[in-house]
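As provided, run_21.cif (mmCIF, C-alpha atoms) reads as follows.
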data_start
loop_
_atom_site.label_atom_id
_atom_site.label_comp_id
_atom_site.auth_asym_id
_atom_site.auth_seq_id
_atom_site.Cartn_x
_atom_site.Cartn_y
_atom_site.Cartn_z
CA MET A 1 9.74 2.82 -24.54
CA GLY A 2 11.52 5.60 -22.65
CA PHE A 3 12.43 3.53 -19.63
CA ASN A 4 13.66 -0.04 -19.26
CA ILE A 5 13.52 -1.25 -15.67
CA LEU A 6 15.94 -4.08 -16.40
CA ASP A 7 18.55 -1.57 -17.56
CA VAL A 8 18.22 0.27 -14.25
CA VAL A 9 18.47 -2.99 -12.30
CA ASN A 10 21.60 -4.01 -14.17
CA ALA A 11 23.16 -0.56 -13.72
CA ALA A 12 22.61 -0.62 -9.95
CA THR A 13 23.97 -4.16 -9.68
CA ARG A 14 27.08 -3.25 -11.66
CA ALA A 15 27.60 -0.16 -9.49
CA GLU A 16 27.66 -2.33 -6.37
CA ALA A 17 30.29 -4.53 -7.99
CA GLY A 18 32.30 -1.55 -9.25
CA GLU A 19 31.68 -2.40 -12.91
CA ASN A 20 29.50 0.57 -13.89
CA LYS A 21 31.60 3.33 -15.45
CA ASP A 22 28.83 5.87 -14.90
CA TYR A 23 29.67 5.76 -11.19
CA ARG A 24 32.73 7.67 -9.99
CA GLU A 25 35.05 6.92 -7.07
CA ILE A 26 35.12 9.32 -4.13
CA ASN A 27 36.22 9.34 -0.48
CA LEU A 28 33.81 11.08 1.89
CA ASP A 29 33.54 11.89 5.56
CA TYR A 30 30.82 9.55 6.81
CA ARG A 31 28.96 12.60 8.20
CA ASP A 32 28.46 13.90 4.64
CA ILE A 33 26.48 10.82 3.62
CA VAL A 34 22.71 11.34 3.83
CA VAL A 35 20.52 8.45 4.92
CA THR A 36 17.00 9.20 3.69
CA ALA A 37 13.70 8.18 5.26
CA HIS A 38 12.99 5.95 2.25
CA ASN A 39 15.03 3.10 3.72
CA LYS A 40 12.43 1.24 5.82
CA TYR A 41 14.20 -2.03 6.52
CA SER A 42 15.85 -3.51 9.58
CA MET A 43 19.41 -2.63 10.60
CA ASP A 44 20.44 -5.75 12.50
CA GLU A 45 23.83 -7.30 13.29
CA LEU A 46 25.61 -3.91 13.16
CA GLN A 47 28.16 -4.87 15.80
CA GLU A 48 29.20 -7.94 13.81
CA ILE A 49 29.53 -5.80 10.69
CA ALA A 50 31.62 -3.24 12.61
CA THR A 51 33.94 -6.01 13.79
CA GLY A 52 34.33 -7.30 10.24
CA ILE A 53 35.18 -3.83 8.91
CA GLU A 54 37.73 -3.29 11.69
CA MET A 55 39.44 -6.59 10.92
CA ASP A 56 39.33 -6.64 7.11
CA GLY A 57 38.46 -3.10 6.08
CA LEU A 58 35.48 -2.03 4.00
CA GLN A 59 35.37 -4.70 1.28
CA GLN A 60 32.78 -2.89 -0.84
CA PRO A 61 32.48 0.89 -1.21
CA LEU A 62 29.13 2.48 -0.41
CA VAL A 63 26.98 3.36 -3.41
CA LEU A 64 25.58 6.90 -3.48
CA GLY A 65 23.39 9.11 -5.59
CA ARG A 66 24.32 12.79 -5.73
CA VAL A 67 20.95 14.51 -5.55
CA ASN A 68 20.89 18.34 -5.59
CA GLY A 69 24.51 18.41 -4.50
CA GLU A 70 24.02 16.02 -1.55
CA TYR A 71 25.32 12.46 -1.35
CA TRP A 72 22.35 10.17 -0.62
CA LEU A 73 23.03 6.58 0.40
CA VAL A 74 21.74 4.01 -2.10
CA SER A 75 23.43 0.86 -0.87
CA GLY A 76 25.42 0.02 2.26
CA HIS A 77 23.18 1.15 5.11
CA ARG A 78 24.39 -1.53 7.51
CA ARG A 79 28.02 -0.96 6.50
CA LEU A 80 27.60 2.73 7.29
CA GLY A 81 26.01 1.73 10.61
CA GLY A 82 29.09 -0.38 11.39
CA ILE A 83 31.39 2.54 10.53
CA LYS A 84 29.48 4.83 12.90
CA ILE A 85 29.98 2.28 15.70
CA LEU A 86 33.73 2.20 15.07
CA VAL A 87 34.02 6.01 15.03
CA ALA A 88 31.98 6.21 18.24
CA GLU A 89 34.52 3.84 19.80
CA GLY A 90 37.28 6.33 18.97
CA LYS A 91 38.59 4.67 15.79
CA GLU A 92 38.87 7.88 13.77
CA GLU A 93 40.65 6.18 10.86
CA PHE A 94 37.25 4.95 9.70
CA GLU A 95 35.76 8.45 9.39
CA THR A 96 36.66 8.66 5.70
CA VAL A 97 34.64 6.21 3.62
CA PRO A 98 35.34 4.96 0.06
CA CYS A 99 32.23 5.38 -2.11
CA ARG A 100 30.95 5.26 -5.67
CA TYR A 101 28.45 7.90 -6.76
CA LYS A 102 26.43 9.07 -9.72
CA ASP A 103 24.37 12.22 -10.27
CA MET A 104 20.66 11.36 -9.98
CA THR A 105 17.25 12.95 -9.83
CA GLU A 106 15.25 12.15 -6.73
CA ILE A 107 13.09 9.64 -8.62
CA GLU A 108 16.19 7.91 -10.03
CA PHE A 109 17.59 7.70 -6.51
CA ARG A 110 14.41 6.11 -5.18
CA ILE A 111 14.43 3.55 -7.99
CA ALA A 112 18.07 2.66 -7.26
CA LEU A 113 17.31 2.36 -3.53
CA LEU A 114 14.30 0.13 -4.16
CA ILE A 115 16.36 -2.12 -6.41
CA GLY A 116 18.86 -2.69 -3.62
CA ASN A 117 16.12 -3.58 -1.14
CA THR A 118 14.20 -5.73 -3.62
CA PHE A 119 17.09 -7.97 -4.61
CA ASN A 120 19.16 -8.07 -1.44
CA ARG A 121 16.57 -8.98 1.18
CA LYS A 122 14.37 -11.95 1.95
CA MET A 123 10.88 -10.56 2.45
CA SER A 124 7.61 -11.73 3.97
CA ASP A 125 4.31 -11.08 2.21
CA TYR A 126 3.90 -8.01 4.43
CA ASP A 127 7.31 -6.74 3.27
CA LEU A 128 6.27 -7.43 -0.32
CA MET A 129 3.12 -5.36 0.24
CA THR A 130 5.21 -2.42 1.42
CA GLN A 131 7.67 -2.91 -1.40
CA ALA A 132 4.92 -3.10 -4.01
CA ALA A 133 3.38 0.14 -2.73
CA ASP A 134 6.77 1.88 -2.93
CA TRP A 135 7.39 0.60 -6.46
CA LYS A 136 3.93 1.71 -7.54
CA GLU A 137 4.50 5.21 -6.17
CA VAL A 138 7.95 5.54 -7.72
CA LEU A 139 7.04 4.16 -11.14
CA THR A 140 3.87 6.26 -11.26
CA GLN A 141 6.03 9.33 -10.68
CA ALA A 142 8.55 8.08 -13.26
CA ARG A 143 5.70 7.89 -15.74
CA LYS A 144 4.67 11.49 -14.97
CA GLU A 145 8.25 12.62 -15.55
CA GLY A 146 8.46 10.76 -18.87
CA LEU A 147 10.99 8.21 -17.64
CA LEU A 148 8.49 5.39 -18.02
CA VAL A 149 6.40 5.11 -21.17
CA LEU A 150 3.69 2.46 -21.14
CA GLU A 151 2.79 0.60 -24.29
CA ALA A 152 -0.86 0.01 -25.18
CA GLY A 153 -2.47 -2.29 -22.63
CA GLU A 154 0.37 -1.98 -20.10
CA ARG A 155 -0.08 -0.80 -16.53
CA VAL A 156 2.35 0.36 -13.87
CA ARG A 157 1.31 -2.75 -11.93
CA ASP A 158 2.78 -4.91 -14.71
CA TYR A 159 6.18 -3.29 -14.19
CA VAL A 160 5.92 -3.66 -10.42
CA ALA A 161 5.24 -7.37 -10.84
CA ALA A 162 8.11 -7.77 -13.32
CA VAL A 163 10.74 -6.03 -11.21
CA MET A 164 9.69 -7.84 -8.02
CA GLY A 165 9.48 -11.23 -9.73
CA GLU A 166 5.88 -11.75 -8.61
CA SER A 167 2.67 -12.46 -10.50
CA VAL A 168 0.37 -9.59 -11.46
CA PRO A 169 -2.57 -11.09 -9.47
CA LYS A 170 -0.43 -11.24 -6.33
CA ILE A 171 0.67 -7.62 -6.74
CA ARG A 172 -2.97 -6.63 -7.26
CA THR A 173 -3.92 -8.42 -4.03
CA LEU A 174 -1.09 -6.78 -2.08
CA ASN A 175 -2.10 -3.36 -3.39
CA THR A 176 -5.71 -3.98 -2.34
CA ILE A 177 -4.64 -4.92 1.19
CA ASP A 178 -2.37 -1.88 1.44
CA GLN A 179 -5.13 0.48 0.28
CA ASN A 180 -8.11 -0.98 2.17
CA ALA A 181 -6.86 -2.70 5.32
CA THR A 182 -6.90 -0.80 8.61
CA PRO A 183 -3.67 -0.36 10.61
CA GLU A 184 -4.91 -3.06 13.00
CA VAL A 185 -5.30 -5.62 10.20
CA LYS A 186 -1.92 -4.66 8.71
CA GLU A 187 -0.33 -5.21 12.11
CA GLN A 188 -1.74 -8.76 12.24
CA PHE A 189 -0.53 -9.32 8.68
CA GLN A 190 2.94 -8.13 9.66
CA LYS A 191 3.00 -10.38 12.74
CA GLY A 192 2.07 -13.40 10.63
CA ASN A 193 -1.28 -13.88 12.35
CA MET A 194 -2.91 -13.45 8.94
CA GLY A 195 -1.70 -14.79 5.64
CA ILE A 196 -2.18 -12.90 2.40
CA THR A 197 -5.57 -14.51 1.68
CA ALA A 198 -6.83 -13.83 5.21
CA ALA A 199 -5.63 -10.21 5.10
CA MET A 200 -7.35 -9.75 1.74
CA GLU A 201 -10.60 -11.11 3.16
CA ALA A 202 -10.35 -8.83 6.20
CA SER A 203 -9.68 -5.78 4.02
CA ARG A 204 -13.09 -6.23 2.37
CA ALA A 205 -14.91 -5.48 5.64
CA ASP A 206 -15.83 -2.06 7.00
CA GLU A 207 -13.50 -0.31 9.44
CA GLY A 208 -15.32 -1.39 12.60
CA THR A 209 -15.46 -5.03 11.52
CA GLN A 210 -11.78 -4.98 10.59
CA LYS A 211 -10.91 -3.82 14.09
CA GLU A 212 -12.94 -6.67 15.59
CA ILE A 213 -11.28 -9.16 13.24
CA ALA A 214 -7.82 -7.86 14.15
CA LYS A 215 -8.54 -8.18 17.87
CA ALA A 216 -9.85 -11.72 17.43
CA SER A 217 -6.77 -12.60 15.39
CA GLU A 218 -4.50 -11.20 18.10
CA ASP A 219 -6.37 -13.08 20.84
CA LYS A 220 -6.33 -16.38 18.95
CA GLY A 221 -2.81 -16.06 17.64
CA GLY A 222 -4.04 -16.14 14.05
CA MET A 223 -7.11 -16.48 11.84
CA GLY A 224 -7.71 -18.00 8.42
CA ALA A 225 -9.62 -16.52 5.50
CA GLU A 226 -12.73 -18.66 5.95
CA GLU A 227 -13.00 -17.80 9.65
CA ILE A 228 -12.61 -14.11 8.85
CA LYS A 229 -15.22 -14.31 6.11
CA ALA A 230 -17.71 -15.98 8.46
CA MET A 231 -17.07 -13.37 11.14
CA ALA A 232 -17.59 -10.52 8.68
CA GLU A 233 -20.81 -12.04 7.36
CA GLU A 234 -22.15 -12.54 10.89
CA LYS A 235 -21.32 -8.91 11.77
CA LYS A 236 -22.98 -7.68 8.58
CA HIS A 237 -26.13 -9.71 9.28
CA ARG A 238 -26.22 -8.47 12.87
CA LYS A 239 -25.88 -4.87 11.71
CA THR A 240 -28.70 -5.29 9.17
CA LYS A 241 -31.04 -6.64 11.84
CA GLU A 242 -30.19 -3.75 14.14
CA GLU A 243 -30.93 -1.23 11.37
CA GLU A 244 -34.25 -2.87 10.60
CA THR A 245 -35.26 -2.76 14.25
CA ARG A 246 -34.20 0.86 14.54
CA GLU A 247 -36.17 1.91 11.46
CA ALA A 248 -39.24 -0.05 12.54
CA ASN A 249 -39.24 1.63 15.97
CA VAL A 250 -38.86 5.24 14.84
CA SER A 251 -40.90 7.37 17.26
CA ASP A 252 -42.61 10.73 16.88
CA THR A 253 -40.63 12.11 19.85
CA ASP A 254 -37.17 11.96 18.27
CA THR A 255 -37.93 12.59 14.57
CA THR A 256 -39.89 15.03 12.49
CA LYS A 257 -42.81 13.85 10.43
CA GLU A 258 -40.71 14.12 7.26
CA GLU A 259 -37.82 12.14 8.78
CA LYS A 260 -40.21 9.43 9.92
CA GLU A 261 -41.75 9.19 6.45
CA ASN A 262 -38.30 9.01 4.80
CA ALA A 263 -37.25 6.25 7.20
CA ARG A 264 -40.42 4.35 6.30
CA LYS A 265 -39.65 4.70 2.58
CA LEU A 266 -36.04 3.57 3.07
CA HIS A 267 -37.19 0.56 5.05
CA ALA A 268 -39.60 -0.41 2.27
CA VAL A 269 -36.87 -0.11 -0.38
CA LYS A 270 -34.48 -2.25 1.68
CA MET A 271 -37.14 -4.90 2.14
CA ILE A 272 -37.78 -4.97 -1.61
CA GLU A 273 -34.04 -5.47 -2.15
CA LYS A 274 -34.13 -8.36 0.29
CA TYR A 275 -37.14 -10.06 -1.35
CA TYR A 276 -36.66 -8.98 -4.97
CA THR A 277 -36.45 -12.59 -6.20
CA TRP A 278 -40.12 -13.03 -5.25
CA LEU A 279 -41.34 -10.19 -7.47
CA ASN A 280 -43.50 -11.22 -10.44
CA GLU A 281 -43.30 -9.62 -13.88
CA GLU A 282 -46.15 -7.19 -13.24
CA GLU A 283 -44.64 -6.01 -9.94
CA THR A 284 -41.25 -5.55 -11.56
CA GLY A 285 -42.85 -3.40 -14.25
CA ILE A 286 -44.58 -1.28 -11.60
CA LEU A 287 -41.25 -0.69 -9.82
CA GLU A 288 -39.53 0.27 -13.08
CA ARG A 289 -42.26 2.82 -13.86
CA MET A 290 -42.07 4.16 -10.31
CA LEU A 291 -38.31 4.63 -10.68
CA GLU A 292 -38.68 6.52 -13.97
CA ASP A 293 -41.36 8.73 -12.42
CA CYS A 294 -39.08 9.52 -9.44
CA LYS A 295 -36.25 10.45 -11.84
CA ARG A 296 -38.61 12.73 -13.79
CA ARG A 297 -39.76 14.53 -10.64
CA LYS A 298 -36.19 15.00 -9.48
CA ARG A 299 -35.29 16.60 -12.82
CA GLU A 300 -38.31 18.89 -12.66
CA TYR A 301 -37.59 19.96 -9.09
CA ALA A 302 -33.98 20.65 -9.96
CA ILE A 303 -35.07 22.97 -12.81
CA GLU A 304 -37.42 24.86 -10.50
CA GLU A 305 -34.65 25.34 -7.92
CA GLU A 306 -32.34 26.90 -10.51
#
In structure tokens, what does this structure look like?
Amino acid sequence: MGFNILDVVNAATRAEAGENKDYREINLDYRDIVVTAHNKYSMDELQEIATGIEMDGLQQPLVLGRVNGEYWLVSGHRRLGGIKILVAEGKEEFETVPCRYKDMTEIEFRIALLIGNTFNRKMSDYDLMTQAADWKEVLTQARKEGLLVLEAGERVRDYVAAVMGESVPKIRTLNTIDQNATPEVKEQFQKGNMGITAAMEASRADEGTQKEIAKASEDKGGMGAEEIKAMAEEKKHRKTKEEETREANVSDTDTTKEEKENARKLHAVKMIEKYYTWLNEEETGILERMLEDCKRRKREYAIEEE
């Protein structure tokens, strides 16, 4: 295996404690430290941190990755925020910041940054969803670059689960929500108006239904998975009835003869799907032969068109 995530975790942890010899000491002007957009977490209590630094100094150096000649901040975002407050107050002695750094590729930097966020923050299920998506993106790229080599039967998701300390099924659920849920549903998930099971259930619905579910969740101050499932089923049934009525009432004034005939065929097929359990053996055989004949005609027409 070309990449051991535990080795990276241990290296980042040792760097924070000053025990990793791969990291070198350096003093930098705080303006030379780059804060990337990859840090997505809250920056609270900065004034308290600034006060602590002013009274006792910076107890732990910032940890940096030198990427393409620039010093990117890996760990110590709130400490740097506190330093900026002090400098803004005219305390220029805090402009120079003790740091530890190591040369990194961009993907190595993102892994180190994720490690700091994963192990140093208490996260909600929504935060875990965001974190899992970031880990998936980073480790997928690490695999492309040859840093991560999967053994037979392994998936990137297995590594995401391992590094986050979560079960594979939970990571799979979080990934599904992240990929399929609308922004409105994700907002309710973030607010805590939906738990992970409820958000998963909502993400199975179409976009319009998800928006209705999110609004109902906002209005009620929360919805459970069973309530969401019932709402989605009711909307689906209502939509089906509307489609049936529309197809049954197709008029000559707003469709061509061909369109009307196609709508009639589609309606018949949908009705067969609805009542297929009532078909007898002979009728099933007729449908199978009809299907094969349709496939044959399609092939023949395609040849003629070429």
Which distance in Å separates atom CA of A:Ala152 and atom CA of A:Ala132, to one decimal?
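Taking atom CA of A:Ala152 as the start and atom CA of A:Ala132 as the end point, the length is 22.2 Å.
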Could you name the residues that touch A:Ser75 at 8 Å or less, counting all atoms listed in the file, but leaving out those on the same chain fewer than 4 positions away, as a ChimeraX atom specification?
-> /A:16,62-64,113,116
Of A:Lys136, A:Lys144, A:Lys220, A:Lys260, the one sitting nearest A:Val160 when using all atoms listed in the file is A:Lys136
Handout entry: Distance of atom CA of A:Glu106 from atom CA of A:Asp32, expressed in Å to one decimal place
Key =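 These two atoms are separated by 17.5 Å.
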Q. What is the distance between atom CA of A:Pro98 and atom CA of A:Leu80, in Å to one decimal?
A.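 So the two atoms, atom CA of A:Pro98 and atom CA of A:Leu80, lie 10.8 Å apart.
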**Message:** To test your reading of the syntax: which residues would the PyMOL selection byres ((chain A and resi 217) around 12) return for the file shown? Reply as an NGL selection string.
**Reply:** :A and (184-189 or 191-195 or 198-199 or 202 or 210-216 or 218-225 or 227-228 or 231)
Counting only C-alpha atoms, closest pick from A:Glu54, A:Met200, A:His38, A:Trp72 relative to A:Thr130 is A:His38
Selection result of the PyMOL selection byres ((chain A and resi 155) around 12) on this file, as a ChimeraX atom specification:
/A:136,139-140,143,148-154,156-162,168,171-172
Please export stretch 272-298 of chain A as an mmCIF file, in the first residue's frame, restricted to C-alpha atoms.
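Contents of result.cif, freshly written:
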data_model
loop_
_atom_site.group_PDB
_atom_site.id
_atom_site.type_symbol
_atom_site.label_atom_id
_atom_site.label_comp_id
_atom_site.auth_asym_id
_atom_site.auth_seq_id
_atom_site.Cartn_x
_atom_site.Cartn_y
_atom_site.Cartn_z
ATOM 1 C CA ILE A 272 -50.355 -2.345 -17.428
ATOM 2 C CA GLU A 273 -47.535 -1.535 -14.997
ATOM 3 C CA LYS A 274 -50.128 -0.656 -12.378
ATOM 4 C CA TYR A 275 -52.167 -3.849 -12.866
ATOM 5 C CA TYR A 276 -49.424 -6.275 -13.911
ATOM 6 C CA THR A 277 -50.129 -8.621 -10.982
ATOM 7 C CA TRP A 278 -53.514 -9.420 -12.555
ATOM 8 C CA LEU A 279 -52.021 -10.653 -15.833
ATOM 9 C CA ASN A 280 -52.438 -14.374 -16.547
ATOM 10 C CA GLU A 281 -49.780 -16.553 -18.164
ATOM 11 C CA GLU A 282 -51.187 -16.187 -21.675
ATOM 12 C CA GLU A 283 -51.356 -12.383 -21.406
ATOM 13 C CA THR A 284 -47.805 -12.238 -20.080
ATOM 14 C CA GLY A 285 -46.633 -14.280 -23.059
ATOM 15 C CA ILE A 286 -48.428 -11.923 -25.453
ATOM 16 C CA LEU A 287 -46.699 -8.908 -23.858
ATOM 17 C CA GLU A 288 -43.287 -10.588 -24.075
ATOM 18 C CA ARG A 289 -43.798 -11.315 -27.791
ATOM 19 C CA MET A 290 -44.996 -7.760 -28.354
ATOM 20 C CA LEU A 291 -41.844 -6.425 -26.683
ATOM 21 C CA GLU A 292 -39.559 -8.585 -28.837
ATOM 22 C CA ASP A 293 -41.423 -7.477 -31.967
ATOM 23 C CA CYS A 294 -41.017 -3.798 -30.980
ATOM 24 C CA LYS A 295 -37.270 -4.334 -30.447
ATOM 25 C CA ARG A 296 -36.992 -6.005 -33.871
ATOM 26 C CA ARG A 297 -38.766 -3.124 -35.611
ATOM 27 C CA LYS A 298 -36.578 -0.579 -33.868
#
